[in-house]
Structures are given as structure tokens and as C-alpha cells.
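Inspection log for the structure reproduced underneath, given as C-alpha cells.
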Amino acid sequence: QVQLVESGGGLVQAGGSLRLSCTASGTIFFIHVMGWYRQAPGKQRELVATKTYEGGTNYADSVKGRFTISRDNAKDTVYLQMNNLKSEDTAVYYCYVDFGKMGEEWGRGTQVTVSS
């Protein structure tokens, strides 16, 4: 049984910053990909950023230059530093973990609200 615990969401003014974190716990053999997706009201869930065990990253065009994903493999934790936040970044942010052959898991989500 694996659990993902997210933290760091909240309310921030446009131009501000937030840092999200997500830690996986339980019986874990290997984590291939850790990352973040988001879902705004009335929209589909979309990729924000991912990072592989080897360090490869992938960002949505809309967040490039503003968001930075990092990962601590020893702690099974992924972070998302979000700077220069915009109102269109308002969404529920979900942690995503790919355990390779052992499957994948989603977090419960954390709300990020950016006021203009």
C-alpha cells in the first residue's frame, strides 16, 4: 500500500510564489516518474511538470520559466516551486507517481488559488 501526501497549496496574490511538495510512503521499490498535474474548474486535468528518476524533466509550455520541479530520490519526494503565479494557474494540483511495473498513484490534490 502506497500513500501520497501533498502539501503547500493555498491562496496567493498574482505575482507571488508557492511551493508544493509530495511524499510517497509505504512499500516502495522504485519510482520512475514523479510529477504534478492540475485541473481547473470545467477543464480537463493537464500536465504541469514531471521528473524522471534519472533527472529528465518535462514542463507544460504555460509554466516554463516560472515553475521548477525538483525531486529528492532518497526521500521519495517531489517539489514544485511556482513563481510569478497568474490567475490562470488557479486549479487543484495533483501529485503523480509512476512506480514502473508496480503501477501508478495519484494524490488527493491540493488547491492553489491565485487572486488577481
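Identifiers in the C-alpha cells: chain A, B, ... in order shown; residue index from 1 per chain; ligand index from 1 in order shown.
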| task | Would you list the contacts of segment 24-35 of chain A as a PyMOL selection string, taking every protein, DNA or RNA residue within 6 Å and counting only C-alpha atoms, but skipping same-chain residues closer than 4 positions in sequence? | result | chain A and resi 1-4+49-53+76+95-100
| request: Write out as a PyMOL selection string which residues come within 6 Å of Phe67 of chain A when counting only C-alpha atoms, dropping same-chain ones fewer than 6 positions away. | output: chain A and resi 81-83
For those residues, write N, CA, C and O atoms to a file as a short mmCIF file (atom, residue, chain, number, x, y, z; two decimals), in the first residue's frame.
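The new file selection_29.cif reads:
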```cif
data_model
loop_
_atom_site.label_atom_id
_atom_site.label_comp_id
_atom_site.auth_asym_id
_atom_site.auth_seq_id
_atom_site.Cartn_x
_atom_site.Cartn_y
_atom_site.Cartn_z
N GLN A 81 8.20 24.31 -7.27
CA GLN A 81 8.34 25.72 -6.93
C GLN A 81 7.63 26.53 -7.99
O GLN A 81 7.99 26.46 -9.18
N MET A 82 6.64 27.30 -7.58
CA MET A 82 5.84 28.08 -8.51
C MET A 82 6.06 29.56 -8.23
O MET A 82 5.72 30.04 -7.14
N ASN A 83 6.63 30.24 -9.20
CA ASN A 83 6.89 31.67 -9.08
C ASN A 83 6.07 32.45 -10.10
O ASN A 83 5.60 31.90 -11.09
#
```
| message | Residues within 8 Å of Thr23 of chain A, please, as a list in words. Count only C-alpha atoms; anything in the same chain fewer than 3 positions from it doesn't count. | response |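 Non-adjacent residues within range: Leu4, Val5, Glu6, Lys75, Asp76, Thr77 and Val78 of chain A.
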| request: Select, from A:Gly109, A:Val114, A:Ala91, A:Gly55, the residue with the minimum atom-to-atom distance to Ala40 of chain A, counting only C-alpha atoms. | output: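 Closest to Ala40 of chain A, using only C-alpha atoms: A:Ala91.
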| request: Would you please extract all strand (DSSP E or B) residues from chain A, as assigned by DSSP on the backbone, and give them as number ranges by chain? | output: A: 2-7, 10-13, 18-26, 33-39, 46-52, 57-59, 67-72, 77-82, 91-98, 104-106, 110-115
| said: If we count only C-alpha atoms and set the cut-off at 8 Å, which residues sit around Tyr79 of chain A, ignoring sequence neighbours fewer than 4 positions away in its own chain? Please answer as a ChimeraX atom specification. | reply: /A:19-22,69-71
